[in-house]
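Asks: Pasting a structure here, questions to come.
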Amino acid sequence: MSESARPRVPIKPGYFTVPEDPNQAPTFLCTRCEDCGEHFFPRRAICAKCLSERTTEVECAGRGTLYSYTFVHIPLFGSTNIEHVEGYGVGQVDLPEGPRLQVPLAGKQGDFRIGQSLRAELDKLRDDDAGREVVIVRFRPVEAGR
Amino acid sequence: MRDVAVLGVGMYPFGTYYDGSNAEMARVAGMAALKDAGLSFADVQSAYVGHIFAQVMSGTRVMKEFGLTGIPVQRIENASATGSACFREACMAVAGGHADVVMVLGFDKMTTMIQNSAASTSPENMEDAILPAAFFALWATRRMHERGMKPEHLARIGAKNFNNGALNPMSQRQPKEPVTWEKVLGSRMVAWPLTTMMSCPIGDGAACAIVGRADLAKKLRPDRPVVRVTASTLSSEKYVPGHLFMGPVVGPAQMTRDAAKVVYEQAGVGPEDLDLVQVHDAFAIEELEYYELLGLCKEGEAEKCIEQGDFELGGRVAVSTDGGLIARGHPGGPTGLAQIWETTLQLRGEAGKRQLDDPRVGLCHMMGGGSVCVIHILQRD
């Protein structure tokens, strides 16, 4: 949760929303195929399953189920001079609509287990030159710890 | 289709050569392969050259090391499977009657790539938050959940490959004394449960294969058995539910199962006929999964087979006989050709201290990020 009211921008546009209200979970920018109903993240023009071009842009809520996880003992983005030097969780998260996302996880090693419910949140990576907070998206277990 | 054979193989030892050059490594590997085939560069009618990291034009420029004869030179890049994809194109060229003798050359300096790009990861690229080690660690966690695998099983694969590497003069990792699974398990954690010794190193190197008409193999080197390429396939991803589009290194595990089915049909052999197998063991969990996906053991039995030593040198079917990516190394472009080098030597009975007892059929499997799966089967007459 952000403690400041400074404007926030996504690390890269086109993948997730950044709600004005810091207590609100981000949503994921997805595509639904109008012919076969399959959902995809990130967005795409042509259905990967049935090859239909009749696709619609949709938003999927930032909640899901943990399919698998790990804890990486190397700083985020392989760097040594930014945050998260203590390591970070990574998971594959299934959204209810179907897409599986591979994303960083919030929490400590030992907080995660396959099948648990997670909620997306935004995490400040750094400030940009305009004084805005650059945020990444990650998932946190709904009931933290075991 | 015409019969295709491996006429010659050569390597430059994989290692870290901060001051070395791609041109020199490639020339040494290429000349070794030509000599092994009993040919000179004047006999080469076409060349496929593979590198991932070197600059644009590197392939064509490096080929000039052998002399300027005007032959077609084509660079191919398919991530980790670059060398394997080049090898496949050479086999297609010979099988299709477009050339009788083709050079396949792979080289890379991954050390330079890492230096130049500060690990090439950037916060501006969302996918870069997740390392390849993390991706395959996700396979491992899932396997522990579904099949009761323990990190010890991965450590046993790591130890096997290190110990095989010790018997291979071309191997990057050369342990001085036998490596125990306890040592592998206790090495530094990268992405739980994968440790450094369950993961391939960063390195440099070159490898070359000369591919040609099978009847030429007999003529050029009547003193030794002909090693034929009896199957070749390359596949990209096929959509599955839960397909990952952002961040994965390779596609669904099913790719390997599907590709294996194709090569077994082409070659008219089954997994039970294989004497040795090389796989894309960038991380130990991959090798474990490929045992089952290639049909080397039944689904759910990989752990039991590891405990029995089925995949050790002298086991039921030896896997990663040269040390695999974990020990022999994985510079990029040449990796798939190192597998061909090893399999060819084994089938000829020229693999030195790690020689298997009279092997006849070998399989080489590579995954390339993006992703593709490439499999070849080599057989001795």
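Residue numbering restarts at 1 in every chain; chains get A, B, ... in the order shown in the structure tokens, and ligands count up from 1 in that same order.
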Could the residues of chain B within 12 Å of chain A, counting only C-alpha atoms, be given as a ChimeraX atom specification, please?

Replies: /B:114,117-146,188-196,237-249

Asks: So that I can check the surroundings of range 116-122 of chain A, please list as number ranges by chain every protein, DNA and RNA residue that reaches within 8 Å of it, counting only C-alpha atoms and ignoring chain neighbours fewer than 3 positions away.

Replies: A: 1, 18, 25-27, 62-66, 112-113, 135-143

Asks: Dump C-alpha atoms for the selected residues as a short mmCIF file (atom, residue, chain, number, x, y, z; two decimals), in the first residue's frame?

Replies:
data_model
loop_
_atom_site.label_atom_id
_atom_site.label_comp_id
_atom_site.auth_asym_id
_atom_site.auth_seq_id
_atom_site.Cartn_x
_atom_site.Cartn_y
_atom_site.Cartn_z
CA MET A 1 0.00 0.00 0.00
CA VAL A 18 -3.37 1.73 -11.64
CA ALA A 25 -6.60 -3.76 -6.42
CA PRO A 26 -5.32 -3.33 -9.95
CA THR A 27 -7.02 -5.16 -12.80
CA GLY A 62 -6.76 -8.85 -9.71
CA ARG A 63 -7.38 -12.09 -7.86
CA GLY A 64 -6.43 -15.66 -8.52
CA THR A 65 -5.20 -19.04 -7.35
CA LEU A 66 -1.55 -20.03 -6.93
CA PHE A 112 3.12 -19.52 -0.17
CA ARG A 113 1.34 -22.77 -0.94
CA VAL A 135 4.83 0.60 -9.86
CA ILE A 136 4.96 -3.10 -10.66
CA VAL A 137 2.19 -5.58 -9.99
CA ARG A 138 2.51 -8.56 -7.68
CA PHE A 139 0.22 -10.96 -5.87
CA ARG A 140 -0.08 -11.43 -2.11
CA PRO A 141 -1.67 -14.39 -0.32
CA VAL A 142 -5.09 -13.39 0.99
CA GLU A 143 -4.40 -15.07 4.33
#

Asks: Can you work out the spacing between CA of Val101 in chain B and CA of Glu265 in chain B in Å, to one decimal?

Replies: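 Pair CA of Val101 in chain B / CA of Glu265 in chain B returns 26.2 Å.
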
Asks: Find the distance between CA of Gly14 in chain A and CA of Ser236 in chain B and write it in Å to one decimal.

Replies: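 Separation between CA of Gly14 in chain A and CA of Ser236 in chain B: 26.0 Å.
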
Asks: Can you pull out the residues contacting Glu65 in chain B? Cut-off 9 Å, using only C-alpha atoms, and skip same-chain residues under 5 positions away; I want them as an NGL selection string.

Replies: :B and (23-24 or 26-27)

Asks: Just the residues within 10 Å of range 34-38 of chain B, please, counting only C-alpha atoms, with nothing from its chain fewer than 2 positions along; format it as number ranges by chain.

Replies: B: 6-10, 29-32, 40-41, 43-44, 103, 208-212, 216-217, 219-221

Asks: Rounded to one decimal in Å, what is the spacing between CA of Trp181 in chain B and CA of Ala159 in chain B?

Replies: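 CA of Trp181 in chain B sits 5.2 Å away from CA of Ala159 in chain B.
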
Asks: For Gly368 in chain B, list every protein, DNA or RNA residue within 8 Å, evaluated using only C-alpha atoms, and leave out those in the same chain fewer than 6 positions away; present the list as a short mmCIF file (atom, residue, chain, number, x, y, z; two decimals) with N, CA and C atoms, in the first residue's frame.

Replies:
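For reference, result16.cif as written:
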data_model
loop_
_atom_site.label_atom_id
_atom_site.label_comp_id
_atom_site.auth_asym_id
_atom_site.auth_seq_id
_atom_site.Cartn_x
_atom_site.Cartn_y
_atom_site.Cartn_z
N ASN B 78 17.87 -19.62 -32.74
CA ASN B 78 16.67 -20.15 -32.09
C ASN B 78 16.94 -20.35 -30.61
N ALA B 79 17.50 -19.29 -30.00
CA ALA B 79 17.83 -19.29 -28.56
C ALA B 79 18.69 -20.51 -28.22
N SER B 80 18.39 -21.17 -27.12
CA SER B 80 19.24 -22.30 -26.69
C SER B 80 19.33 -23.39 -27.74
N ALA B 81 18.31 -23.50 -28.57
CA ALA B 81 18.28 -24.56 -29.59
C ALA B 81 18.94 -24.12 -30.90
N THR B 82 19.70 -23.03 -30.88
CA THR B 82 20.31 -22.50 -32.10
C THR B 82 21.14 -23.56 -32.83
N VAL B 250 10.26 -21.53 -21.77
CA VAL B 250 9.82 -22.46 -22.80
C VAL B 250 8.33 -22.71 -22.63
N VAL B 374 13.57 -29.14 -30.29
CA VAL B 374 14.26 -29.79 -31.42
C VAL B 374 14.77 -31.15 -30.95
#

Asks: Determine which residues of range 35-213 of chain B receive a DSSP assignment of alpha helix (DSSP H), computed from the backbone, and state them as an NGL selection string.

Replies: :B and (35-37 or 58-63 or 82-95 or 110-117 or 132-147 or 151-165 or 181-186)

Asks: Can you pull out every residue within 9 Å of range 347-364 of chain B, counting only C-alpha atoms, but drop anything in the same chain fewer than 5 positions away, and send it as number ranges by chain?

Replies: B: 84, 164, 167-168, 224-227, 269, 273-280, 313-314, 318, 321-322, 336, 339-340, 342, 374-381

Asks: Out of range 5-112 of chain A, which residues get strand (DSSP E or B) from DSSP, as a PyMOL selection string?

Replies: chain A and resi 8-10+16+28-33+39-40+55-60+63-72+88-94+100-105
